[in-house]
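Source file: model35.cif (mmCIF, C-alpha atoms and all ligand atoms)
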data_model
#
loop_
_atom_site.label_atom_id
_atom_site.label_comp_id
_atom_site.auth_asym_id
_atom_site.auth_seq_id
_atom_site.Cartn_x
_atom_site.Cartn_y
_atom_site.Cartn_z
CA MET A 1 -11.99 -35.35 -32.33
CA ASN A 2 -9.00 -34.10 -34.28
CA ARG A 3 -6.69 -31.55 -32.83
CA ILE A 4 -8.06 -28.54 -34.75
CA ALA A 5 -11.64 -29.33 -33.75
CA ALA A 6 -10.55 -29.68 -30.14
CA ALA A 7 -8.81 -26.32 -30.31
CA LEU A 8 -11.96 -24.72 -31.74
CA VAL A 9 -14.08 -26.14 -28.93
CA LEU A 10 -11.60 -24.86 -26.36
CA ALA A 11 -11.64 -21.43 -27.98
CA ALA A 12 -15.43 -21.40 -27.91
CA VAL A 13 -15.47 -22.38 -24.22
CA ALA A 14 -12.97 -19.64 -23.48
CA ALA A 15 -15.13 -17.11 -25.32
CA ILE A 16 -18.16 -18.12 -23.25
CA ALA A 17 -16.25 -18.10 -20.00
CA TRP A 18 -14.78 -14.63 -20.56
CA PRO A 19 -17.30 -12.39 -22.27
CA ALA A 20 -15.62 -9.18 -23.33
CA GLN A 21 -16.51 -6.17 -21.17
CA SER A 22 -20.15 -7.10 -20.63
CA TRP A 23 -20.33 -6.00 -17.04
CA SER A 24 -23.79 -4.45 -17.15
CA ALA A 25 -25.31 -7.74 -18.38
CA PRO A 26 -23.25 -10.81 -17.36
CA ALA A 27 -23.41 -13.49 -20.05
CA GLU A 28 -24.27 -17.14 -19.42
CA GLY A 29 -20.55 -17.84 -18.86
CA PHE A 30 -20.90 -16.27 -15.44
CA ASP A 31 -23.26 -18.96 -14.13
CA ARG A 32 -20.91 -21.69 -15.25
CA TRP A 33 -17.99 -19.86 -13.61
CA LEU A 34 -19.97 -19.51 -10.38
CA ASP A 35 -20.83 -23.26 -10.34
CA ASP A 36 -17.15 -24.04 -10.71
CA LEU A 37 -16.27 -21.67 -7.87
CA ARG A 38 -18.93 -23.29 -5.68
CA THR A 39 -17.41 -26.71 -6.32
CA GLU A 40 -13.98 -25.45 -5.32
CA ALA A 41 -15.34 -23.83 -2.14
CA LEU A 42 -17.13 -27.07 -1.16
CA ALA A 43 -13.89 -28.97 -1.70
CA ARG A 44 -12.25 -26.57 0.76
CA GLY A 45 -14.82 -27.45 3.38
CA VAL A 46 -17.22 -24.51 3.14
CA ARG A 47 -20.72 -25.76 4.02
CA PRO A 48 -23.40 -25.82 1.26
CA ALA A 49 -25.79 -23.70 3.34
CA THR A 50 -23.15 -20.96 3.64
CA LEU A 51 -22.61 -20.95 -0.13
CA ASP A 52 -26.36 -20.89 -0.81
CA GLU A 53 -26.69 -17.79 1.33
CA ALA A 54 -23.49 -16.01 0.26
CA LEU A 55 -23.82 -16.60 -3.49
CA ALA A 56 -27.60 -16.27 -3.89
CA GLY A 57 -28.33 -13.74 -6.64
CA VAL A 58 -24.74 -12.49 -6.70
CA ALA A 59 -23.66 -10.69 -9.89
CA PRO A 60 -20.62 -8.69 -11.01
CA VAL A 61 -20.64 -5.02 -9.96
CA THR A 62 -19.71 -2.64 -12.79
CA ARG A 63 -18.41 0.04 -10.41
CA VAL A 64 -15.86 -2.35 -8.90
CA VAL A 65 -14.33 -3.04 -12.33
CA GLU A 66 -14.22 0.70 -13.05
CA LEU A 67 -12.39 1.35 -9.78
CA ASP A 68 -9.95 -1.49 -10.46
CA ARG A 69 -9.08 -0.07 -13.89
CA ARG A 70 -8.96 3.62 -13.09
CA GLN A 71 -5.75 5.47 -13.74
CA PRO A 72 -5.27 8.45 -11.49
CA GLU A 73 -4.86 11.67 -13.43
CA PHE A 74 -2.18 13.01 -11.10
CA THR A 75 0.71 11.30 -9.37
CA GLN A 76 1.01 12.09 -5.66
CA THR A 77 4.01 13.89 -4.30
CA LEU A 78 5.30 13.23 -0.79
CA TRP A 79 3.72 16.50 0.28
CA THR A 80 0.31 16.03 -1.28
CA TYR A 81 0.24 12.53 0.20
CA LEU A 82 1.24 13.63 3.71
CA GLY A 83 -1.16 16.56 3.43
CA ASN A 84 -4.05 14.09 3.16
CA ALA A 85 -2.71 11.36 5.43
CA VAL A 86 -1.22 13.29 8.38
CA THR A 87 -3.60 16.17 9.07
CA ALA A 88 -3.77 18.24 12.25
CA ARG A 89 -7.23 16.79 12.94
CA ARG A 90 -5.96 13.23 12.58
CA ILE A 91 -3.00 13.86 14.87
CA GLU A 92 -5.27 15.38 17.51
CA ARG A 93 -7.83 12.57 17.31
CA GLY A 94 -5.08 9.94 17.28
CA ARG A 95 -3.59 11.38 20.47
CA GLU A 96 -7.01 11.29 22.15
CA LEU A 97 -7.53 7.66 21.15
CA LEU A 98 -4.01 6.69 22.21
CA THR A 99 -4.90 7.92 25.70
CA ARG A 100 -8.46 6.60 25.77
CA HIS A 101 -7.42 3.05 24.75
CA GLY A 102 -4.08 3.15 26.56
CA ASP A 103 -4.73 0.10 28.78
CA LEU A 104 -5.90 -2.10 25.92
CA LEU A 105 -3.03 -0.97 23.66
CA ALA A 106 -0.53 -1.70 26.44
CA GLU A 107 -1.97 -5.19 26.87
CA VAL A 108 -1.65 -5.79 23.10
CA GLN A 109 1.92 -4.47 23.19
CA VAL A 110 2.87 -6.93 25.94
CA ARG A 111 1.47 -9.82 23.92
CA PHE A 112 2.63 -8.88 20.37
CA GLY A 113 5.40 -6.34 20.86
CA VAL A 114 4.06 -3.50 18.72
CA GLN A 115 4.17 0.02 20.14
CA PRO A 116 0.74 1.68 20.61
CA ARG A 117 1.65 4.77 18.56
CA PHE A 118 2.21 2.60 15.48
CA LEU A 119 -1.01 0.64 15.92
CA VAL A 120 -2.97 3.89 16.16
CA ALA A 121 -1.12 5.29 13.11
CA PHE A 122 -2.05 2.27 10.94
CA TRP A 123 -5.62 2.48 12.24
CA GLY A 124 -5.80 6.19 11.37
CA LEU A 125 -4.46 5.76 7.85
CA GLU A 126 -6.55 2.71 7.02
CA THR A 127 -10.00 3.82 8.13
CA ASN A 128 -9.62 7.14 9.96
CA PHE A 129 -9.78 5.17 13.26
CA GLY A 130 -12.61 2.90 12.19
CA GLU A 131 -14.77 5.58 10.60
CA TYR A 132 -14.74 4.34 6.97
CA THR A 133 -14.66 0.58 6.56
CA GLY A 134 -16.03 0.42 3.01
CA SER A 135 -19.40 0.46 1.29
CA PHE A 136 -19.25 -2.44 -1.18
CA PRO A 137 -20.88 -5.84 -0.54
CA LEU A 138 -17.88 -8.08 0.19
CA VAL A 139 -18.88 -11.20 -1.72
CA ALA A 140 -20.16 -9.36 -4.82
CA ALA A 141 -17.01 -7.20 -4.98
CA LEU A 142 -14.73 -10.24 -4.78
CA VAL A 143 -16.87 -12.24 -7.21
CA THR A 144 -16.49 -9.34 -9.67
CA LEU A 145 -12.70 -9.18 -9.38
CA ALA A 146 -12.29 -12.98 -9.41
CA TYR A 147 -14.48 -13.27 -12.53
CA ASP A 148 -12.72 -10.38 -14.28
CA GLU A 149 -9.68 -11.53 -16.22
CA ARG A 150 -7.23 -8.91 -15.03
CA ARG A 151 -6.27 -10.37 -11.64
CA SER A 152 -8.51 -13.44 -11.48
CA ALA A 153 -6.12 -15.85 -9.73
CA PHE A 154 -5.36 -13.42 -6.89
CA PHE A 155 -8.99 -12.47 -6.28
CA ARG A 156 -10.30 -16.04 -6.62
CA GLU A 157 -8.05 -16.91 -3.68
CA GLN A 158 -9.38 -13.87 -1.78
CA LEU A 159 -12.97 -14.87 -2.53
CA LEU A 160 -12.42 -18.45 -1.34
CA ALA A 161 -10.79 -17.11 1.85
CA ALA A 162 -13.75 -14.75 2.38
CA LEU A 163 -16.23 -17.64 2.02
CA THR A 164 -14.21 -19.63 4.58
CA LEU A 165 -14.33 -16.67 7.00
CA ILE A 166 -18.10 -16.37 6.54
CA ASP A 167 -18.48 -20.12 7.08
CA ARG A 168 -16.51 -19.93 10.35
CA GLY A 169 -18.71 -17.13 11.63
CA ASP A 170 -15.89 -14.58 11.74
CA VAL A 171 -17.40 -12.41 8.98
CA PRO A 172 -21.13 -11.68 8.52
CA VAL A 173 -22.38 -12.77 5.09
CA ARG A 174 -23.82 -9.38 4.08
CA VAL A 175 -20.85 -7.37 5.28
CA LYS A 176 -19.54 -4.22 3.53
CA ALA A 177 -15.89 -3.85 2.54
CA SER A 178 -13.71 -1.74 0.26
CA TRP A 179 -14.18 -2.26 -3.48
CA ALA A 180 -11.13 -4.58 -3.40
CA GLY A 181 -12.43 -6.64 -0.45
CA ALA A 182 -10.39 -5.01 2.34
CA MET A 183 -12.25 -5.56 5.58
CA GLY A 184 -12.92 -3.94 8.91
CA GLN A 185 -11.05 -1.29 10.85
CA PRO A 186 -7.56 -2.44 9.77
CA GLN A 187 -8.74 -3.15 6.17
CA PHE A 188 -7.45 -6.73 6.01
CA LEU A 189 -7.77 -8.66 2.76
CA PRO A 190 -9.48 -12.04 3.30
CA THR A 191 -6.23 -14.08 3.25
CA THR A 192 -4.66 -11.69 5.80
CA TYR A 193 -7.81 -11.94 7.92
CA ARG A 194 -7.74 -15.74 7.67
CA ASP A 195 -4.06 -16.04 8.57
CA PHE A 196 -3.49 -13.25 11.10
CA ALA A 197 -6.73 -12.08 12.75
CA VAL A 198 -6.96 -12.76 16.50
CA ASP A 199 -9.94 -13.19 18.84
CA PHE A 200 -8.47 -11.09 21.65
CA ASP A 201 -11.71 -10.48 23.57
CA GLY A 202 -12.37 -14.25 23.69
CA ASP A 203 -15.97 -14.25 22.40
CA GLY A 204 -15.19 -16.97 19.84
CA ARG A 205 -15.24 -14.63 16.79
CA ARG A 206 -12.50 -12.61 15.15
CA ASP A 207 -14.45 -9.41 14.68
CA LEU A 208 -12.55 -6.61 12.92
CA TRP A 209 -15.56 -4.27 12.76
CA LYS A 210 -16.89 -3.96 16.30
CA SER A 211 -14.25 -5.35 18.66
CA LEU A 212 -11.33 -3.04 19.33
CA PRO A 213 -9.44 -5.77 21.23
CA ASP A 214 -9.68 -7.93 18.09
CA VAL A 215 -8.78 -5.00 15.80
CA PHE A 216 -5.63 -3.96 17.71
CA ALA A 217 -4.46 -7.52 18.43
CA SER A 218 -4.98 -8.59 14.81
CA ALA A 219 -3.04 -5.64 13.41
CA ALA A 220 -0.27 -6.24 15.97
CA ASN A 221 -0.15 -9.97 15.25
CA TYR A 222 0.14 -9.32 11.51
CA LEU A 223 2.99 -6.84 12.05
CA ASP A 224 4.73 -9.05 14.60
CA ARG A 225 4.66 -12.03 12.26
CA SER A 226 5.84 -9.85 9.37
CA GLY A 227 9.02 -9.03 11.29
CA TRP A 228 8.20 -5.97 13.44
CA HIS A 229 10.76 -4.94 16.08
CA GLY A 230 8.91 -3.64 19.13
CA ASP A 231 12.06 -2.09 20.60
CA ARG A 232 12.84 0.04 17.55
CA THR A 233 11.33 2.89 15.63
CA TRP A 234 10.70 3.06 11.86
CA GLY A 235 13.43 5.47 10.82
CA ARG A 236 14.11 9.19 11.03
CA GLU A 237 14.54 12.34 8.98
CA VAL A 238 18.24 13.03 8.49
CA ARG A 239 20.61 15.70 7.21
CA LEU A 240 22.96 14.89 4.31
CA PRO A 241 26.40 16.42 3.90
CA GLU A 242 27.23 18.69 0.95
CA GLY A 243 27.96 16.69 -2.21
CA PHE A 244 26.48 13.46 -0.85
CA ASP A 245 26.49 10.62 -3.42
CA LEU A 246 22.81 10.13 -4.32
CA ASP A 247 23.58 6.68 -5.71
CA LEU A 248 23.59 5.56 -2.06
CA SER A 249 19.87 6.32 -1.83
CA GLY A 250 17.17 3.72 -2.35
CA LEU A 251 16.00 0.60 -0.52
CA SER A 252 18.47 -1.59 -2.42
CA VAL A 253 21.36 -0.06 -0.44
CA LYS A 254 21.62 -1.16 3.22
CA LYS A 255 24.38 -0.06 5.57
CA PRO A 256 24.99 -0.11 9.33
CA LEU A 257 24.19 3.20 11.07
CA ALA A 258 27.89 3.57 11.89
CA GLU A 259 28.65 3.58 8.16
CA TRP A 260 26.06 6.28 7.46
CA GLN A 261 27.58 8.27 10.31
CA ARG A 262 31.01 7.91 8.69
CA LEU A 263 29.55 9.14 5.37
CA GLY A 264 28.48 12.36 7.10
CA VAL A 265 24.77 11.64 7.60
CA ARG A 266 23.42 13.19 10.82
CA ARG A 267 20.14 13.49 12.67
CA ILE A 268 18.08 16.37 11.37
CA ASP A 269 19.15 18.56 14.33
CA GLY A 270 22.83 17.90 13.51
CA ARG A 271 23.53 15.43 16.30
CA ASP A 272 25.25 12.07 15.69
CA LEU A 273 23.20 9.09 14.59
CA PRO A 274 22.23 6.64 17.37
CA ARG A 275 25.07 4.24 18.25
CA VAL A 276 23.19 1.00 17.72
CA ALA A 277 24.17 -1.88 15.49
CA ILE A 278 21.30 -1.84 13.01
CA ASP A 279 21.09 -1.57 9.23
CA ALA A 280 19.38 1.32 7.50
CA SER A 281 18.59 2.53 4.00
CA LEU A 282 18.46 6.13 2.88
CA ILE A 283 15.37 7.21 0.96
CA LEU A 284 14.44 10.46 -0.77
CA PRO A 285 10.68 10.10 -1.36
CA GLY A 286 10.39 13.73 -2.47
CA GLY A 287 13.57 13.86 -4.56
CA TYR A 288 16.85 15.47 -3.49
CA ALA A 289 15.13 18.78 -2.67
CA GLY A 290 12.79 17.03 -0.22
CA PRO A 291 13.48 15.37 3.14
CA ALA A 292 15.92 12.46 3.45
CA PHE A 293 15.10 9.56 5.76
CA LEU A 294 17.15 6.71 7.15
CA VAL A 295 14.71 3.81 7.42
CA TYR A 296 15.00 0.61 9.46
CA ALA A 297 13.52 -2.88 9.45
CA ASN A 298 10.08 -1.69 10.63
CA PHE A 299 9.81 0.45 7.50
CA ARG A 300 10.24 -2.69 5.41
CA THR A 301 7.63 -4.48 7.50
CA THR A 302 5.25 -1.58 6.83
CA LEU A 303 5.82 -2.23 3.11
CA VAL A 304 4.56 -5.79 3.67
CA TRP A 305 1.29 -4.25 4.90
CA ASN A 306 1.15 -1.76 2.01
CA ARG A 307 3.89 -1.62 -0.59
CA SER A 308 3.66 2.15 -1.14
CA ILE A 309 6.74 4.05 0.08
CA LEU A 310 4.60 7.15 0.69
CA TYR A 311 2.21 5.10 2.84
CA ALA A 312 5.11 3.74 4.89
CA VAL A 313 6.55 7.24 5.43
CA ALA A 314 3.09 8.48 6.44
CA VAL A 315 2.64 5.68 9.02
CA GLY A 316 6.05 6.43 10.55
CA HIS A 317 5.57 10.17 10.54
CA LEU A 318 2.06 9.95 12.00
CA ALA A 319 3.35 7.63 14.75
CA ASP A 320 6.05 10.22 15.57
CA ARG A 321 3.47 13.01 15.64
CA LEU A 322 1.19 10.97 17.95
CA ALA A 323 4.16 10.65 20.30
CA GLY A 324 4.58 14.44 20.34
CA ALA A 325 7.11 15.11 17.56
CA GLY A 326 6.74 18.14 15.31
CA PRO A 327 6.39 18.38 11.53
CA LEU A 328 9.19 17.40 9.15
CA ALA A 329 12.09 19.88 9.27
CA THR A 330 12.63 20.06 5.50
CA PRO A 331 10.20 22.56 3.96
CA ARG A 332 8.04 21.77 0.96
CA PRO A 333 9.93 22.85 -2.19
CA ALA A 334 8.48 25.82 -4.08
CA LYS A 335 8.04 23.80 -7.27
CA ASP A 336 6.36 20.84 -5.60
CA ALA A 337 3.23 20.05 -7.60
CA PRO A 338 1.70 16.71 -8.53
CA LEU A 339 2.62 15.73 -12.09
CA SER A 340 -0.24 14.77 -14.40
CA ARG A 341 -0.04 11.57 -16.41
CA ARG A 342 0.35 13.77 -19.48
CA GLU A 343 3.42 15.42 -17.98
CA VAL A 344 4.95 12.05 -17.03
CA VAL A 345 4.32 10.88 -20.60
CA GLU A 346 6.08 14.02 -21.86
CA ILE A 347 9.07 13.34 -19.57
CA GLN A 348 9.24 9.78 -20.91
CA ARG A 349 9.01 10.91 -24.56
CA ARG A 350 11.70 13.55 -24.13
CA LEU A 351 14.00 11.07 -22.34
CA ALA A 352 13.55 8.67 -25.27
CA THR A 353 14.31 11.49 -27.74
CA LEU A 354 17.61 11.98 -25.92
CA GLY A 355 18.46 8.29 -26.30
CA HIS A 356 17.49 7.12 -22.79
CA ASP A 357 15.23 4.14 -22.18
CA PRO A 358 12.29 5.04 -19.91
CA GLY A 359 10.53 1.72 -20.74
CA GLY A 360 7.76 3.22 -22.83
CA ALA A 361 5.55 6.30 -22.46
CA ASP A 362 2.75 5.04 -20.21
CA GLY A 363 2.52 7.99 -17.80
CA VAL A 364 3.71 5.92 -14.83
CA ALA A 365 7.15 6.68 -13.42
CA GLY A 366 8.33 3.13 -12.69
CA ALA A 367 11.83 1.80 -12.07
CA ARG A 368 13.03 2.14 -15.67
CA THR A 369 11.77 5.69 -16.02
CA ARG A 370 13.52 6.60 -12.77
CA GLN A 371 16.74 5.01 -13.99
CA ALA A 372 16.47 6.92 -17.29
CA ILE A 373 15.95 10.16 -15.32
CA LYS A 374 19.09 9.37 -13.27
CA ASP A 375 21.08 8.80 -16.46
CA PHE A 376 19.89 12.10 -17.90
CA GLN A 377 20.64 13.95 -14.66
CA ARG A 378 24.15 12.53 -14.48
CA ARG A 379 24.89 13.54 -18.06
CA ALA A 380 23.49 17.04 -17.34
CA ARG A 381 25.46 17.24 -14.05
CA LEU A 382 22.29 17.57 -12.00
CA PRO A 383 21.75 15.85 -8.63
CA ALA A 384 20.90 12.31 -9.83
CA ASP A 385 17.91 11.45 -7.64
CA GLY A 386 15.88 9.84 -10.47
CA PHE A 387 12.89 11.82 -9.34
CA PRO A 388 10.22 13.04 -11.80
CA SER A 389 9.33 16.70 -11.12
CA LEU A 390 8.23 19.87 -12.90
CA GLY A 391 11.78 21.19 -12.59
CA LEU A 392 13.04 18.09 -14.39
CA LEU A 393 10.42 18.50 -17.13
CA GLU A 394 11.46 22.12 -17.68
CA ARG A 395 15.08 21.05 -17.88
CA LEU A 396 14.20 18.32 -20.40
CA ARG A 397 12.24 20.80 -22.52
CA ALA A 398 15.19 23.19 -22.53
CA THR A 399 17.56 20.37 -23.53
CA THR A 400 15.43 18.81 -26.25
CA GLU A 401 14.32 22.11 -27.80
CA LYS A 402 17.80 23.57 -28.13
CA CA B 501 -13.65 -11.54 19.36
#
Please re-express this file's structure in structure tokens.
Ligand code: CA
Amino acid sequence: MNRIAAALVLAAVAAIAWPAQSWSAPAEGFDRWLDDLRTEALARGVRPATLDEALAGVAPVTRVVELDRRQPEFTQTLWTYLGNAVTARRIERGRELLTRHGDLLAEVQVRFGVQPRFLVAFWGLETNFGEYTGSFPLVAALVTLAYDERRSAFFREQLLAALTLIDRGDVPVRVKASWAGAMGQPQFLPTTYRDFAVDFDGDGRRDLWKSLPDVFASAANYLDRSGWHGDRTWGREVRLPEGFDLDLSGLSVKKPLAEWQRLGVRRIDGRDLPRVAIDASLILPGGYAGPAFLVYANFRTTLVWNRSILYAVAVGHLADRLAGAGPLATPRPAKDAPLSRREVVEIQRRLATLGHDPGGADGVAGARTRQAIKDFQRRARLPADGFPSLGLLERLRATTEK
């Protein structure tokens, strides 16, 4: 076969293997793909009988692809996020559960070194303390995402891990999970489940749905092995001095607490920072008008669990509230409202008009957009927090429409 003919055959195979957007009626390429997956799972030691049962009649689920591709209409602000994640009801229920499961949580703490208030905070944010563990069939959801082109390599690995877990008897074959395959009360992805779940009640299975000893120990083991410090907290809300240099904010800047103290940063009640030799970063997740936090190593470990800064702040704040602390001291700014994608696009367009480079107008305020905002703010002599807000949009409108 000459080279052009070979290329045409390859192109034809590729076209069969990846039918365009035909999720309601999977083309014949799906069966071939599934055979190939089966071969790979067998090579990894999954038993044929397990594969027969798990893959029988499985087909891509249209809804899963829709959820994977959705673009939220509004971006969350710190306050809208905390308003959903750290509610009065959740704090109250979390405190009850902290007491009710106190002995078990203490036992887990001795073994893995994670404080009970944090374990209960993760549990509350993930599944409202085990209440919502997902409604999608695990294998079908992962088959869908592994077969879809968008993130096929990542989800193929998750699917193979899930089949291994089913084969071992850890996970029931017909189990329900989140649309992305997050499982059980701590919502572990299959590879996390495979690598970090613990059979703490000793019944031979790592059961993250029905065994609280397994749930708490698995979450604690994952955190411990991701670098958690059981003798430290996550961070704290702080007070900044007048004229503080906002370029010092962000996770890329790390300084010893003593250095932050020297720069005038204080606890929120005005007292000195703790005199301990640890590094911290200063973050402003709600912009300069919102609360400032000094965050420690456990905050970064929380980002291993979920890379969202707002999630990590919510876990820390909920843990504080479970331990009896009050709400954040900094009030919600008057102009705090979630920006729509359309408004973020407008911010990006107006920044570009002014000669800044927001990295395109896609409606998502990523690192380049934030840098472009900082550049604009500096030039306009505004506090350069790089934070997209309605106030910023108004200022941009005023500047570009002069
Ligand atoms: Ca168990």
Output as JSON lines one row per residue of chain A within 7 Å of ligand CA 501 (chain B): the closest atom pair and its distance in Å to one decimal place, counting only C-alpha atoms and all ligand atoms, sorted by chain and residue number ascending.
{"residue": "A:Asp199", "atom": "CA", "partner": "B:CA501", "partner_atom": "CA", "distance": 4.1}
{"residue": "A:Phe200", "atom": "CA", "partner": "B:CA501", "partner_atom": "CA", "distance": 5.7}
{"residue": "A:Asp201", "atom": "CA", "partner": "B:CA501", "partner_atom": "CA", "distance": 4.8}
{"residue": "A:Gly202", "atom": "CA", "partner": "B:CA501", "partner_atom": "CA", "distance": 5.3}
{"residue": "A:Asp203", "atom": "CA", "partner": "B:CA501", "partner_atom": "CA", "distance": 4.7}
{"residue": "A:Gly204", "atom": "CA", "partner": "B:CA501", "partner_atom": "CA", "distance": 5.7}
{"residue": "A:Arg205", "atom": "CA", "partner": "B:CA501", "partner_atom": "CA", "distance": 4.3}
{"residue": "A:Arg206", "atom": "CA", "partner": "B:CA501", "partner_atom": "CA", "distance": 4.5}
{"residue": "A:Asp207", "atom": "CA", "partner": "B:CA501", "partner_atom": "CA", "distance": 5.2}
{"residue": "A:Ser211", "atom": "CA", "partner": "B:CA501", "partner_atom": "CA", "distance": 6.3}
{"residue": "A:Asp214", "atom": "CA", "partner": "B:CA501", "partner_atom": "CA", "distance": 5.5}
Handout entry: Nearest to Gly134 of chain A, chosen from A:Ala197, A:Leu119, A:Met183, A:Ala88, with all atoms listed in the file counted in the distances
Key = A:Met183
Using only C-alpha atoms, find each residue of segment 263-331 of chain A with at least one atom at most 12 Å away from an atom of segment 56-76 of chain A; report its shortest atom-to-atom pair and that distance in Å (one decimal), sort the rows by chain and rising residue number, and return the result as CSV.
residue,atom,partner,partner_atom,distance
A:Pro285,CA,A:Gln76,CA,10.8
A:Gly286,CA,A:Gln76,CA,10.0
A:Ser308,CA,A:Gln76,CA,11.2
A:Ile309,CA,A:Gln76,CA,11.4
A:Leu310,CA,A:Gln76,CA,8.8
A:Tyr311,CA,A:Gln76,CA,11.1
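Across the model, the gap from atom CA of Arg378 of chain A to atom CA of Gly264 of chain A is 22.0 Å.
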Practice task
Can you work out which one of A:Gln185, A:Thr369, A:Ser178, A:Asn84 has the shortest atom-to-atom distance to Leu138 of chain A, counting all atoms listed in the file?
Solution key: A:Ser178
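Every protein or nucleic acid residue with an atom no more than 12 Å from Leu42 of chain A, counting only C-alpha atoms and leaving out same-chain residues fewer than 6 positions away, appears here: A:Asp35, A:Asp36, A:Pro48, A:Ala49, A:Thr50, A:Leu51, A:Asp52, A:Leu160, A:Leu163, A:Thr164, A:Asp167.
Nearest to Gly230 of chain A of all the residues A:Phe155, A:Trp305, A:Phe376, A:Phe112 is A:Phe112, based on all atoms listed in the file.
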What are the nearest atom pairs, with distances in Å to one decimal, for all residues of segment 50-138 of chain A that come at most 8 Å from segment 322-340 of chain A, using only C-alpha atoms, set out by chain and rising residue number as CSV?
residue,atom,partner,partner_atom,distance
A:Glu73,CA,A:Ser340,CA,5.6
A:Phe74,CA,A:Ser340,CA,4.2
A:Thr75,CA,A:Leu339,CA,5.5
A:Gln76,CA,A:Pro338,CA,5.5
A:Thr77,CA,A:Pro338,CA,5.6
A:Trp79,CA,A:Arg332,CA,6.8
A:Thr80,CA,A:Pro338,CA,7.4
A:Ile91,CA,A:Leu322,CA,5.9
A:Glu92,CA,A:Leu322,CA,7.8
A:Gly94,CA,A:Leu322,CA,6.4
A:Arg95,CA,A:Leu322,CA,5.4
A:Leu98,CA,A:Leu322,CA,8.0
A:Arg117,CA,A:Leu322,CA,6.2
A:Ala121,CA,A:Leu322,CA,7.8
Exercise for the section: Would you kindly return, as a ChimeraX atom specification, each protein, DNA or RNA residue with an atom no farther than 12 Å from any atom of Glu401 of chain A, considering only C-alpha atoms and excluding same-chain residues fewer than 5 positions away? Expected result: /A:350,353-354,393-396
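In this comparison, which uses all atoms listed in the file, the residue of A:Leu382, A:Ala319, A:Leu37, A:Val171 approaching Gly184 of chain A most closely is A:Val171.
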Practice task
Calculate how many Å separate atom CA of Pro213 of chain A from atom CA of Arg93 of chain A, rounding to one decimal.
Solution key: 18.8 Å
Handout entry: Spatial neighbours of Phe244 of chain A, 9 Å, all atoms listed in the file, chain gap at least 3 places, as a PyMOL selection string
Key = chain A and resi 240-241+247-248+263-265
Could you add whatever atoms are missing so that segment 235-247 of chain A carries N, CA and C atoms, then write the result as a short mmCIF file (atom, residue, chain, number, x, y, z; two decimals), in the frame of the given file?
data_model
loop_
_atom_site.label_atom_id
_atom_site.label_comp_id
_atom_site.auth_asym_id
_atom_site.auth_seq_id
_atom_site.Cartn_x
_atom_site.Cartn_y
_atom_site.Cartn_z
N GLY A 235 12.42 4.73 11.56
CA GLY A 235 13.43 5.47 10.82
C GLY A 235 13.39 6.91 11.30
N ARG A 236 14.10 7.80 10.61
CA ARG A 236 14.11 9.19 11.03
C ARG A 236 14.53 10.09 9.88
N GLU A 237 14.08 11.35 9.95
CA GLU A 237 14.54 12.34 8.98
C GLU A 237 15.99 12.66 9.28
N VAL A 238 16.81 12.77 8.26
CA VAL A 238 18.24 13.03 8.49
C VAL A 238 18.74 14.19 7.62
N ARG A 239 19.93 14.63 7.95
CA ARG A 239 20.61 15.70 7.21
C ARG A 239 21.77 15.09 6.43
N LEU A 240 21.87 15.42 5.14
CA LEU A 240 22.96 14.89 4.31
C LEU A 240 24.06 15.93 4.17
N PRO A 241 25.31 15.45 4.09
CA PRO A 241 26.40 16.42 3.90
C PRO A 241 26.39 16.97 2.47
N GLU A 242 27.01 18.09 2.27
CA GLU A 242 27.23 18.69 0.95
C GLU A 242 27.85 17.66 0.00
N GLY A 243 27.35 17.57 -1.21
CA GLY A 243 27.96 16.69 -2.21
C GLY A 243 27.74 15.20 -1.97
N PHE A 244 26.75 14.87 -1.16
CA PHE A 244 26.48 13.46 -0.85
C PHE A 244 26.16 12.67 -2.12
N ASP A 245 26.69 11.45 -2.23
CA ASP A 245 26.49 10.62 -3.42
C ASP A 245 25.07 10.03 -3.42
N LEU A 246 24.22 10.55 -4.31
CA LEU A 246 22.81 10.13 -4.32
C LEU A 246 22.62 8.69 -4.78
N ASP A 247 23.68 8.09 -5.36
CA ASP A 247 23.58 6.68 -5.71
C ASP A 247 23.44 5.80 -4.48
#
